[in-house]
>>> print(open('structure24.pdb').read())   # PDB, C-alpha atoms
ATOM      1  CA  MET A  11     -25.273  -0.086 -12.433
ATOM      2  CA  TRP A  12     -21.919   0.616 -10.822
ATOM      3  CA  PHE A  13     -20.269   4.027 -11.155
ATOM      4  CA  LYS A  14     -16.580   3.938 -12.116
ATOM      5  CA  ASN A  15     -15.569   7.532 -11.374
ATOM      6  CA  LEU A  16     -17.017  10.126  -9.026
ATOM      7  CA  GLN A  17     -17.109  13.881  -9.526
ATOM      8  CA  VAL A  18     -18.654  15.034  -6.267
ATOM      9  CA  TYR A  19     -20.720  18.194  -5.718
ATOM     10  CA  ARG A  20     -22.911  19.600  -2.972
ATOM     11  CA  LEU A  21     -26.596  20.489  -2.928
ATOM     12  CA  PRO A  22     -28.202  22.258   0.033
ATOM     13  CA  ALA A  23     -29.780  20.042   2.657
ATOM     14  CA  HIS A  24     -33.523  19.736   2.139
ATOM     15  CA  TRP A  25     -33.218  21.003  -1.436
ATOM     16  CA  ASP A  26     -36.624  22.232  -2.545
ATOM     17  CA  MET A  27     -37.083  19.576  -5.206
ATOM     18  CA  SER A  28     -39.137  16.400  -5.431
ATOM     19  CA  ALA A  29     -38.733  13.491  -7.816
ATOM     20  CA  GLU A  30     -42.019  14.451  -9.451
ATOM     21  CA  ARG A  31     -40.968  18.077 -10.017
ATOM     22  CA  LEU A  32     -37.579  16.987 -11.293
ATOM     23  CA  GLU A  33     -39.297  14.607 -13.706
ATOM     24  CA  GLU A  34     -41.490  17.415 -15.032
ATOM     25  CA  GLN A  35     -38.562  19.736 -15.598
ATOM     26  CA  LEU A  36     -36.348  17.128 -17.275
ATOM     27  CA  ALA A  37     -39.232  16.261 -19.586
ATOM     28  CA  LYS A  38     -38.960  19.745 -21.102
ATOM     29  CA  LYS A  39     -35.599  18.857 -22.645
ATOM     30  CA  PRO A  40     -35.740  15.192 -23.693
ATOM     31  CA  PHE A  41     -33.128  13.607 -25.901
ATOM     32  CA  HIS A  42     -33.695  13.745 -29.664
ATOM     33  CA  PRO A  43     -31.389  12.329 -32.346
ATOM     34  CA  CYS A  44     -29.324  14.778 -34.375
ATOM     35  CA  GLY A  45     -31.169  16.578 -37.129
ATOM     36  CA  SER A  46     -29.782  16.459 -40.643
ATOM     37  CA  GLN A  47     -27.713  19.610 -40.040
ATOM     38  CA  ASP A  48     -26.881  19.095 -36.361
ATOM     39  CA  MET A  49     -23.368  18.129 -35.310
ATOM     40  CA  GLU A  50     -24.488  17.284 -31.779
ATOM     41  CA  SER A  51     -27.639  16.669 -29.808
ATOM     42  CA  ARG A  52     -28.135  16.161 -26.093
ATOM     43  CA  GLY A  53     -31.078  15.675 -23.785
ATOM     44  CA  TRP A  54     -32.509  13.583 -20.970
ATOM     45  CA  LEU A  55     -33.001   9.835 -21.281
ATOM     46  CA  SER A  56     -34.639   7.298 -19.018
ATOM     47  CA  PRO A  57     -31.961   5.417 -17.060
ATOM     48  CA  LEU A  58     -34.007   2.242 -17.570
ATOM     49  CA  GLY A  59     -35.011   2.873 -21.159
ATOM     50  CA  ASN A  60     -38.672   3.491 -20.386
ATOM     51  CA  GLU A  61     -40.508   6.808 -20.127
ATOM     52  CA  VAL A  62     -39.402   7.617 -16.557
ATOM     53  CA  LEU A  63     -36.578  10.171 -16.499
ATOM     54  CA  VAL A  64     -35.954  10.126 -12.730
ATOM     55  CA  HIS A  65     -35.253   6.618 -11.510
ATOM     56  CA  ALA A  66     -36.006   6.552  -7.766
ATOM     57  CA  VAL A  67     -34.936   3.811  -5.375
ATOM     58  CA  GLY A  68     -35.186   4.293  -1.609
ATOM     59  CA  GLY A  69     -35.243   8.079  -1.874
ATOM     60  CA  GLN A  70     -32.175   8.142  -4.132
ATOM     61  CA  TRP A  71     -32.465   9.468  -7.685
ATOM     62  CA  LEU A  72     -30.666   8.557 -10.887
ATOM     63  CA  VAL A  73     -30.762  10.681 -14.032
ATOM     64  CA  CYS A  74     -29.215  10.057 -17.434
ATOM     65  CA  LEU A  75     -28.027  12.542 -20.053
ATOM     66  CA  GLY A  76     -27.824  11.278 -23.625
ATOM     67  CA  PHE A  77     -25.473  12.592 -26.309
ATOM     68  CA  GLU A  78     -25.294  12.028 -30.030
ATOM     69  CA  HIS A  79     -22.366  13.288 -32.131
ATOM     70  CA  ARG A  80     -21.946  13.255 -35.886
ATOM     71  CA  LEU A  81     -18.608  11.840 -36.973
ATOM     72  CA  LEU A  82     -17.484  14.192 -39.726
ATOM     73  CA  PRO A  83     -13.726  14.731 -39.477
ATOM     74  CA  SER A  84     -12.444  18.073 -40.676
ATOM     75  CA  SER A  85      -9.852  16.219 -42.778
ATOM     76  CA  VAL A  86     -12.673  14.619 -44.796
ATOM     77  CA  VAL A  87     -14.326  17.998 -45.390
ATOM     78  CA  LYS A  88     -10.988  19.548 -46.377
ATOM     79  CA  GLN A  89     -10.164  16.754 -48.797
ATOM     80  CA  GLU A  90     -13.528  16.996 -50.574
ATOM     81  CA  ALA A  91     -13.395  20.803 -50.655
ATOM     82  CA  ASP A  92      -9.840  20.810 -52.039
ATOM     83  CA  GLU A  93     -10.825  18.427 -54.852
ATOM     84  CA  ARG A  94     -13.775  20.624 -55.801
ATOM     85  CA  ALA A  95     -11.602  23.735 -55.576
ATOM     86  CA  GLU A  96      -9.137  22.220 -58.062
ATOM     87  CA  GLU A  97     -11.937  21.435 -60.504
ATOM     88  CA  LEU A  98     -13.344  24.966 -60.231
ATOM     89  CA  ALA A  99      -9.868  26.453 -60.693
ATOM     90  CA  GLU A 100      -9.416  24.530 -63.932
ATOM     91  CA  GLN A 101     -12.828  25.636 -65.182
ATOM     92  CA  GLN A 102     -12.401  29.344 -64.420
ATOM     93  CA  GLY A 103      -8.659  29.590 -65.006
ATOM     94  CA  PHE A 104      -7.658  30.900 -61.568
ATOM     95  CA  LYS A 105      -7.543  29.645 -57.980
ATOM     96  CA  LEU A 106     -10.309  30.321 -55.533
ATOM     97  CA  GLY A 107      -9.813  33.082 -52.999
ATOM     98  CA  ARG A 108      -9.892  32.642 -49.248
ATOM     99  CA  LYS A 109     -13.541  33.675 -48.975
ATOM    100  CA  GLN A 110     -14.582  31.301 -51.779
ATOM    101  CA  LEU A 111     -12.694  28.422 -50.143
ATOM    102  CA  LYS A 112     -14.437  29.075 -46.851
ATOM    103  CA  GLU A 113     -17.853  29.109 -48.523
ATOM    104  CA  LEU A 114     -16.987  25.905 -50.400
ATOM    105  CA  ARG A 115     -16.017  24.116 -47.161
ATOM    106  CA  GLU A 116     -19.269  25.215 -45.532
ATOM    107  CA  GLN A 117     -21.196  23.884 -48.534
ATOM    108  CA  VAL A 118     -19.340  20.549 -48.389
ATOM    109  CA  THR A 119     -20.038  20.297 -44.649
ATOM    110  CA  GLN A 120     -23.767  20.827 -45.196
ATOM    111  CA  GLU A 121     -23.836  18.210 -47.957
ATOM    112  CA  LEU A 122     -21.879  15.563 -46.038
ATOM    113  CA  MET A 123     -23.456  16.047 -42.632
ATOM    114  CA  PRO A 124     -26.713  14.135 -43.267
ATOM    115  CA  ARG A 125     -24.665  11.129 -44.438
ATOM    116  CA  ALA A 126     -22.199  11.169 -41.547
ATOM    117  CA  PHE A 127     -22.272   8.363 -38.991
ATOM    118  CA  THR A 128     -23.406   9.183 -35.460
ATOM    119  CA  ARG A 129     -22.138   7.996 -32.097
ATOM    120  CA  ARG A 130     -24.188   7.937 -28.918
ATOM    121  CA  ARG A 131     -23.144   7.884 -25.286
ATOM    122  CA  ARG A 132     -24.778   8.292 -21.906
ATOM    123  CA  MET A 133     -23.721   9.953 -18.669
ATOM    124  CA  PHE A 134     -25.307   9.204 -15.294
ATOM    125  CA  ALA A 135     -25.686  11.327 -12.183
ATOM    126  CA  TRP A 136     -26.802  10.212  -8.733
ATOM    127  CA  ILE A 137     -28.731  12.731  -6.648
ATOM    128  CA  ASP A 138     -29.065  12.209  -2.900
ATOM    129  CA  PRO A 139     -31.647  14.824  -1.868
ATOM    130  CA  ILE A 140     -31.452  13.736   1.781
ATOM    131  CA  ASN A 141     -27.731  14.287   2.302
ATOM    132  CA  GLY A 142     -27.210  16.871  -0.396
ATOM    133  CA  TRP A 143     -24.902  14.963  -2.757
ATOM    134  CA  LEU A 144     -24.801  15.204  -6.526
ATOM    135  CA  VAL A 145     -22.328  12.730  -8.014
ATOM    136  CA  VAL A 146     -21.534  12.473 -11.718
ATOM    137  CA  ASP A 147     -20.020   9.309 -13.168
ATOM    138  CA  ALA A 148     -17.367  11.039 -15.267
ATOM    139  CA  ALA A 149     -13.619  10.668 -15.610
ATOM    140  CA  SER A 150     -12.895  14.402 -15.232
ATOM    141  CA  GLN A 151     -14.469  17.599 -14.006
ATOM    142  CA  SER A 152     -14.525  18.972 -17.555
ATOM    143  CA  LYS A 153     -16.604  16.018 -18.728
ATOM    144  CA  ALA A 154     -18.900  16.283 -15.713
ATOM    145  CA  GLU A 155     -19.498  19.916 -16.681
ATOM    146  CA  ASP A 156     -21.606  18.670 -19.622
ATOM    147  CA  MET A 157     -24.051  17.199 -17.099
ATOM    148  CA  LEU A 158     -23.989  20.273 -14.848
ATOM    149  CA  GLU A 159     -24.501  22.651 -17.756
ATOM    150  CA  GLN A 160     -27.523  20.702 -18.969
ATOM    151  CA  LEU A 161     -28.991  20.674 -15.459
ATOM    152  CA  ARG A 162     -28.530  24.451 -15.216
ATOM    153  CA  HIS A 163     -30.343  24.920 -18.527
ATOM    154  CA  THR A 164     -33.126  22.528 -17.528
ATOM    155  CA  LEU A 165     -33.954  23.285 -13.901
ATOM    156  CA  ASP A 166     -35.635  26.404 -12.562
ATOM    157  CA  SER A 167     -33.232  26.389  -9.611
ATOM    158  CA  PHE A 168     -29.949  24.529  -9.315
ATOM    159  CA  PRO A 169     -28.027  25.644  -6.169
ATOM    160  CA  LEU A 170     -24.919  23.546  -6.716
ATOM    161  CA  THR A 171     -21.544  24.121  -5.033
ATOM    162  CA  LEU A 172     -18.182  22.409  -5.134
ATOM    163  CA  LEU A 173     -17.263  20.066  -2.322
ATOM    164  CA  ARG A 174     -14.570  21.837  -0.309
ATOM    165  CA  THR A 175     -12.676  20.379   2.641
ATOM    166  CA  GLU A 176     -10.473  21.833   5.365
ATOM    167  CA  LEU A 177      -7.439  19.868   4.147
ATOM    168  CA  SER A 178      -6.460  19.637   0.518
ATOM    169  CA  PRO A 179      -6.227  16.059  -0.788
ATOM    170  CA  THR A 180      -2.570  16.662  -1.654
ATOM    171  CA  SER A 181      -1.533  17.658   1.874
ATOM    172  CA  ALA A 182      -3.610  14.903   3.480
ATOM    173  CA  MET A 183      -2.208  12.203   1.176
ATOM    174  CA  ALA A 184       1.326  13.449   1.874
ATOM    175  CA  ASP A 185       0.728  13.135   5.624
ATOM    176  CA  TRP A 186      -0.667   9.605   5.246
ATOM    177  CA  LEU A 187       2.305   8.468   3.159
ATOM    178  CA  ALA A 188       4.871  10.145   5.371
ATOM    179  CA  GLY A 189       3.366   8.617   8.491
ATOM    180  CA  GLY A 190       2.752   5.244   6.860
ATOM    181  CA  GLU A 191      -0.780   5.191   8.202
ATOM    182  CA  ALA A 192      -4.143   5.787   6.546
ATOM    183  CA  PRO A 193      -7.045   7.542   8.303
ATOM    184  CA  ASP A 194      -9.572   5.512  10.269
ATOM    185  CA  GLY A 195     -11.510   3.090   8.109
ATOM    186  CA  PHE A 196      -9.067   3.269   5.184
ATOM    187  CA  THR A 197      -6.022   1.314   4.084
ATOM    188  CA  ILE A 198      -3.328   2.509   1.698
ATOM    189  CA  ASP A 199      -3.016   0.314  -1.391
ATOM    190  CA  GLN A 200      -0.101  -0.008  -3.810
ATOM    191  CA  ASP A 201      -0.703   2.664  -6.461
ATOM    192  CA  CYS A 202       0.501   6.247  -6.153
ATOM    193  CA  GLU A 203       1.724   9.198  -8.202
ATOM    194  CA  LEU A 204       4.132  11.809  -6.847
ATOM    195  CA  ARG A 205       4.806  14.991  -8.789
ATOM    196  CA  SER A 206       7.365  17.730  -8.303
ATOM    197  CA  VAL A 207       6.194  21.310  -7.791
ATOM    198  CA  ALA A 208       9.234  22.544  -9.734
ATOM    199  CA  GLU A 209       8.986  23.709 -13.324
ATOM    200  CA  ASP A 210      10.082  20.343 -14.710
ATOM    201  CA  LYS A 211       6.990  18.668 -13.119
ATOM    202  CA  ALA A 212       8.996  15.467 -12.659
ATOM    203  CA  ALA A 213       6.723  12.571 -11.687
ATOM    204  CA  VAL A 214       7.155   9.160 -10.104
ATOM    205  CA  ARG A 215       4.423   6.546 -10.432
ATOM    206  CA  TYR A 216       4.085   3.394  -8.369
ATOM    207  CA  ALA A 217       1.867   0.569  -9.590
ATOM    208  CA  ARG A 218       1.281  -2.575  -7.528
ATOM    209  CA  HIS A 219       4.237  -1.570  -5.375
ATOM    210  CA  PRO A 220       4.407  -1.286  -1.554
ATOM    211  CA  LEU A 221       4.388   2.347  -0.470
ATOM    212  CA  GLU A 222       5.852   1.934   3.011
ATOM    213  CA  GLY A 223       9.480   2.060   1.879
ATOM    214  CA  ASP A 224      12.045   4.808   2.352
ATOM    215  CA  ASP A 225      12.031   5.614  -1.368
ATOM    216  CA  VAL A 226       8.514   7.090  -1.155
ATOM    217  CA  LYS A 227       9.435   9.119   1.908
ATOM    218  CA  GLY A 228      12.573  10.254   0.106
ATOM    219  CA  HIS A 229      10.543  11.626  -2.771
ATOM    220  CA  LEU A 230       8.282  13.437  -0.302
ATOM    221  CA  GLU A 231      11.289  14.949   1.474
ATOM    222  CA  ALA A 232      12.661  16.033  -1.919
ATOM    223  CA  GLY A 233       9.547  18.096  -2.509
ATOM    224  CA  LYS A 234       7.347  15.826  -4.580
ATOM    225  CA  LEU A 235       3.680  15.799  -3.634
ATOM    226  CA  PRO A 236       1.095  13.046  -4.139
ATOM    227  CA  THR A 237      -1.443  13.671  -6.890
ATOM    228  CA  ARG A 238      -3.043  10.201  -6.799
ATOM    229  CA  LEU A 239      -3.266   7.579  -4.099
ATOM    230  CA  ALA A 240      -5.043   4.223  -4.143
ATOM    231  CA  LEU A 241      -7.089   3.470  -1.036
ATOM    232  CA  THR A 242      -9.570   0.895   0.231
ATOM    233  CA  PHE A 243     -12.461   1.831   2.498
ATOM    234  CA  ASP A 244     -13.789  -0.597   5.079
ATOM    235  CA  ASP A 245     -12.577  -3.574   3.001
ATOM    236  CA  ARG A 246     -15.559  -2.907   0.718
ATOM    237  CA  ILE A 247     -14.590  -0.248  -1.843
ATOM    238  CA  SER A 248     -11.260   0.460  -3.507
ATOM    239  CA  PHE A 249     -10.553   3.676  -5.386
ATOM    240  CA  VAL A 250      -7.958   6.265  -6.323
ATOM    241  CA  LEU A 251      -8.155   9.690  -4.678
ATOM    242  CA  THR A 252      -6.766  12.571  -6.755
ATOM    243  CA  GLU A 253      -5.437  16.017  -5.944
ATOM    244  CA  LYS A 254      -8.698  17.514  -7.284
ATOM    245  CA  LEU A 255     -10.821  15.513  -4.835
ATOM    246  CA  GLU A 256     -11.916  13.166  -7.601
ATOM    247  CA  ILE A 257     -12.585   9.513  -6.900
ATOM    248  CA  LYS A 258     -11.409   7.348  -9.774
ATOM    249  CA  ARG A 259     -11.117   3.643 -10.584
ATOM    250  CA  LEU A 260     -13.966   2.969  -8.186
ATOM    251  CA  ASP A 261     -14.359  -0.743  -7.525
ATOM    252  CA  PHE A 262     -16.984  -2.309  -5.275
ATOM    253  CA  LEU A 263     -15.394  -5.453  -3.887
ATOM    254  CA  ASP A 264     -16.967  -8.897  -3.883
ATOM    255  CA  ILE A 265     -18.312  -8.498  -0.348
ATOM    256  CA  VAL A 266     -20.608  -5.802  -1.790
ATOM    257  CA  ARG A 267     -21.359  -7.255  -5.209
ATOM    258  CA  ASP A 268     -22.213 -10.672  -3.800
ATOM    259  CA  GLN A 269     -25.184  -9.164  -1.991
ATOM    260  CA  VAL A 270     -27.117  -9.035  -5.252
ATOM    261  CA  GLY A 271     -29.578 -11.906  -5.006
ATOM    262  CA  GLU A 272     -29.591 -14.726  -7.527
ATOM    263  CA  ALA A 273     -33.243 -14.036  -8.304
ATOM    264  CA  ASP A 274     -32.431 -10.429  -9.208
ATOM    265  CA  LYS A 275     -29.811 -11.545 -11.733
ATOM    266  CA  ASP A 276     -32.507 -13.112 -13.913
ATOM    267  CA  ASP A 277     -34.508  -9.879 -14.135
ATOM    268  CA  ALA A 278     -32.769  -6.923 -15.807
ATOM    269  CA  GLU A 279     -34.794  -4.272 -14.017
ATOM    270  CA  ALA A 280     -34.505  -5.966 -10.622
ATOM    271  CA  LEU A 281     -30.744  -6.297 -11.126
ATOM    272  CA  PHE A 282     -30.480  -2.611 -12.049
ATOM    273  CA  ASN A 283     -32.426  -1.603  -8.949
ATOM    274  CA  ALA A 284     -30.460  -3.910  -6.654
ATOM    275  CA  GLU A 285     -27.089  -2.637  -7.895
ATOM    276  CA  PHE A 286     -28.171   1.003  -7.671
ATOM    277  CA  ALA A 287     -29.454   0.522  -4.115
ATOM    278  CA  LEU A 288     -26.257  -1.251  -3.071
ATOM    279  CA  MET A 289     -24.059   1.362  -4.731
ATOM    280  CA  THR A 290     -25.802   4.365  -3.170
ATOM    281  CA  GLY A 291     -25.862   2.689   0.237
ATOM    282  CA  GLU A 292     -22.101   2.147   0.106
ATOM    283  CA  LEU A 293     -21.316   5.605  -1.266
ATOM    284  CA  ALA A 294     -23.443   7.197   1.455
ATOM    285  CA  HIS A 295     -20.856   5.818   3.901
ATOM    286  CA  LEU A 296     -17.771   6.408   1.750
ATOM    287  CA  LEU A 297     -18.288  10.097   0.935
ATOM    288  CA  PRO A 298     -18.655  11.334   4.550
ATOM    289  CA  ALA A 299     -15.652   9.194   5.506
ATOM    290  CA  VAL A 300     -13.516  10.803   2.769
ATOM    291  CA  VAL A 301     -14.650  14.263   3.871
ATOM    292  CA  ALA A 302     -13.839  13.438   7.507
ATOM    293  CA  ALA A 303     -10.388  12.148   6.513
ATOM    294  CA  LEU A 304      -9.777  15.512   4.839
ATOM    295  CA  GLY A 305     -10.618  17.454   7.998
ATOM    296  CA  GLY A 306     -14.318  17.925   7.322
ATOM    297  CA  GLU A 307     -16.095  20.396   5.084
ATOM    298  CA  LEU A 308     -15.064  24.024   5.097
ATOM    299  CA  ALA A 309     -17.090  26.036   7.575
ATOM    300  CA  GLY A 310     -19.831  28.056   5.964
ATOM    301  CA  THR A 311     -20.508  25.811   2.970
ATOM    302  CA  PRO A 312     -24.237  25.205   2.372
ATOM    303  CA  ALA A 313     -24.181  21.512   3.206
ATOM    304  CA  GLN A 314     -21.981  22.036   6.282
ATOM    305  CA  THR A 315     -24.165  24.868   7.561
ATOM    306  CA  ASP A 316     -27.287  22.740   7.242
ATOM    307  CA  ALA A 317     -25.652  19.888   9.187
ATOM    308  CA  VAL A 318     -26.310  17.130   6.698
ATOM    309  CA  SER A 319     -25.763  13.858   8.510
ATOM    310  CA  ALA A 320     -28.383  11.310   7.489
ATOM    311  CA  GLU A 321     -26.969   7.998   6.282
ATOM    312  CA  LEU A 322     -28.390   5.381   3.991
ATOM    313  CA  PRO A 323     -28.313   1.901   5.501
ATOM    314  CA  ARG A 324     -26.033  -0.641   3.921
ATOM    315  CA  LEU A 325     -28.098  -3.373   2.347
ATOM    316  CA  GLN A 326     -27.676  -6.891   3.606
ATOM    317  CA  ALA A 327     -27.939  -9.964   1.459
ATOM    318  CA  ASP A 328     -30.992 -11.238   3.316
ATOM    319  CA  LYS A 329     -32.914  -7.966   3.086
ATOM    320  CA  PRO A 330     -35.076  -7.057   0.106
ATOM    321  CA  VAL A 331     -34.017  -4.203  -2.134
ATOM    322  CA  ALA A 332     -36.405  -1.294  -2.540
ATOM    323  CA  GLN A 333     -37.962  -1.179  -5.972
ATOM    324  CA  ALA A 334     -38.101   1.876  -8.185
ATOM    325  CA  VAL A 335     -41.361   3.329  -9.381
ATOM    326  CA  THR A 336     -40.880   2.784 -13.089
ATOM    327  CA  ALA A 337     -42.574   1.220 -16.061
ATOM    328  CA  ASP A 338     -42.240  -2.449 -16.817
ATOM    329  CA  ASP A 339     -39.853  -2.068 -19.736
ATOM    330  CA  PRO A 340     -36.397  -3.647 -19.194
ATOM    331  CA  PRO A 341     -33.258  -1.476 -19.390
ATOM    332  CA  PHE A 342     -31.707  -0.957 -22.797
TER
END
>>> encode(input="structure24.pdb", output="structure tokens")
Amino acid sequence: MWFKNLQVYRLPAHWDMSAERLEEQLAKKPFHPCGSQDMESRGWLSPLGNEVLVHAVGGQWLVCLGFEHRLLPSSVVKQEADERAEELAEQQGFKLGRKQLKELREQVTQELMPRAFTRRRRMFAWIDPINGWLVVDAASQSKAEDMLEQLRHTLDSFPLTLLRTELSPTSAMADWLAGGEAPDGFTIDQDCELRSVAEDKAAVRYARHPLEGDDVKGHLEAGKLPTRLALTFDDRISFVLTEKLEIKRLDFLDIVRDQVGEADKDDAEALFNAEFALMTGELAHLLPAVVAALGGELAGTPAQTDAVSAELPRLQADKPVAQAVTADDPPF
């Protein structure tokens, strides 16, 4: 249970929601497979594959949204409809009109849909009700919107806001590269993308390349701005920060992963719990550090106004991991 990408949002401090209430509300919209005439279905799944929809470890919550899509390409429908249209044209002596073709394609779609293959996927979100974080493991904000939309439709109240900082990631990353120095607690790695603000949108990408040289500063002086920058936090987590304040290519380094006990590795549920507890403990330090490096949260935002500051302790290898209150079924 390690997130790979972070789309970060804010909930108010002391959000009026408990794990039990959240469980009750998610249970109103559980996941069901696609019906015979459904192209898509979505609903809430248990993160562990049992009946518990809100997986709770140490006051941190994990929820899972399931999707099922029918794989029925439009080209397949068109091909079948065109073949039938040709046969009907021969029988009646004239070609089908536009309206008849449309009705024929709809008929073919209805006939083929029950036989179409389906594909399932899952999306996870971590909710920190103490510090007011909601983090979706999604590669883009548009994909994370699927999770947010379902939460809006499911919950009675969902007071979510975007995370906004005093400094834009672009301007902060430009300052770090120009000065050759990362903010406290961070180091600059060797991956970066610089993009021109001109109409041509010319871009330069560095991969596994030192960024301290004059060539990078030359691109900055020429007007290119950083849109992605690889960083490492506290020698424990590496990631790529984007211009949209997304955290991508998240990688928990061995110093973190090695804290999972050998005994936990033999038990699927214990391993899941241990990794989730480690991950949330590390992210509870990373996210405030990123916000601080970007000048802090904008004054007046709900989380900033409520002075959210509680931190989750980092777990140590010799300390037991809190267990979730779940059924005994192993994860699927």
>>> atom_distance(input="structure24.pdb", atom1="atom CA of Arg267 of chain A", atom2="atom CA of Asn283 of chain A")
13.0 Å
>>> atom_distance(input="structure24.pdb", atom1="atom CA of Thr242 of chain A", atom2="atom CA of Leu308 of chain A")
24.3 Å
>>> closest_residue(input="structure24.pdb", among="A:Leu161, A:Leu144, A:Val86, A:Leu114", to="Leu32 of chain A", atoms="all atoms listed in the file")
A:Leu161
>>> closest_residue(input="structure24.pdb", among="A:Pro298, A:Gly195, A:Gly45, A:Pro179", to="Pro236 of chain A", atoms="only C-alpha atoms")
A:Pro179
>>> residues_around(input="structure24.pdb", residues="Lys88 of chain A", least_positions_apart="6", cutoff="12 Å", atoms="only C-alpha atoms", output="list in words")
Leu82, Arg94, Ala95, Leu111, Lys112, Glu113, Leu114, Arg115, Glu116, Gln117, Val118, Thr119 and Leu122 of chain A
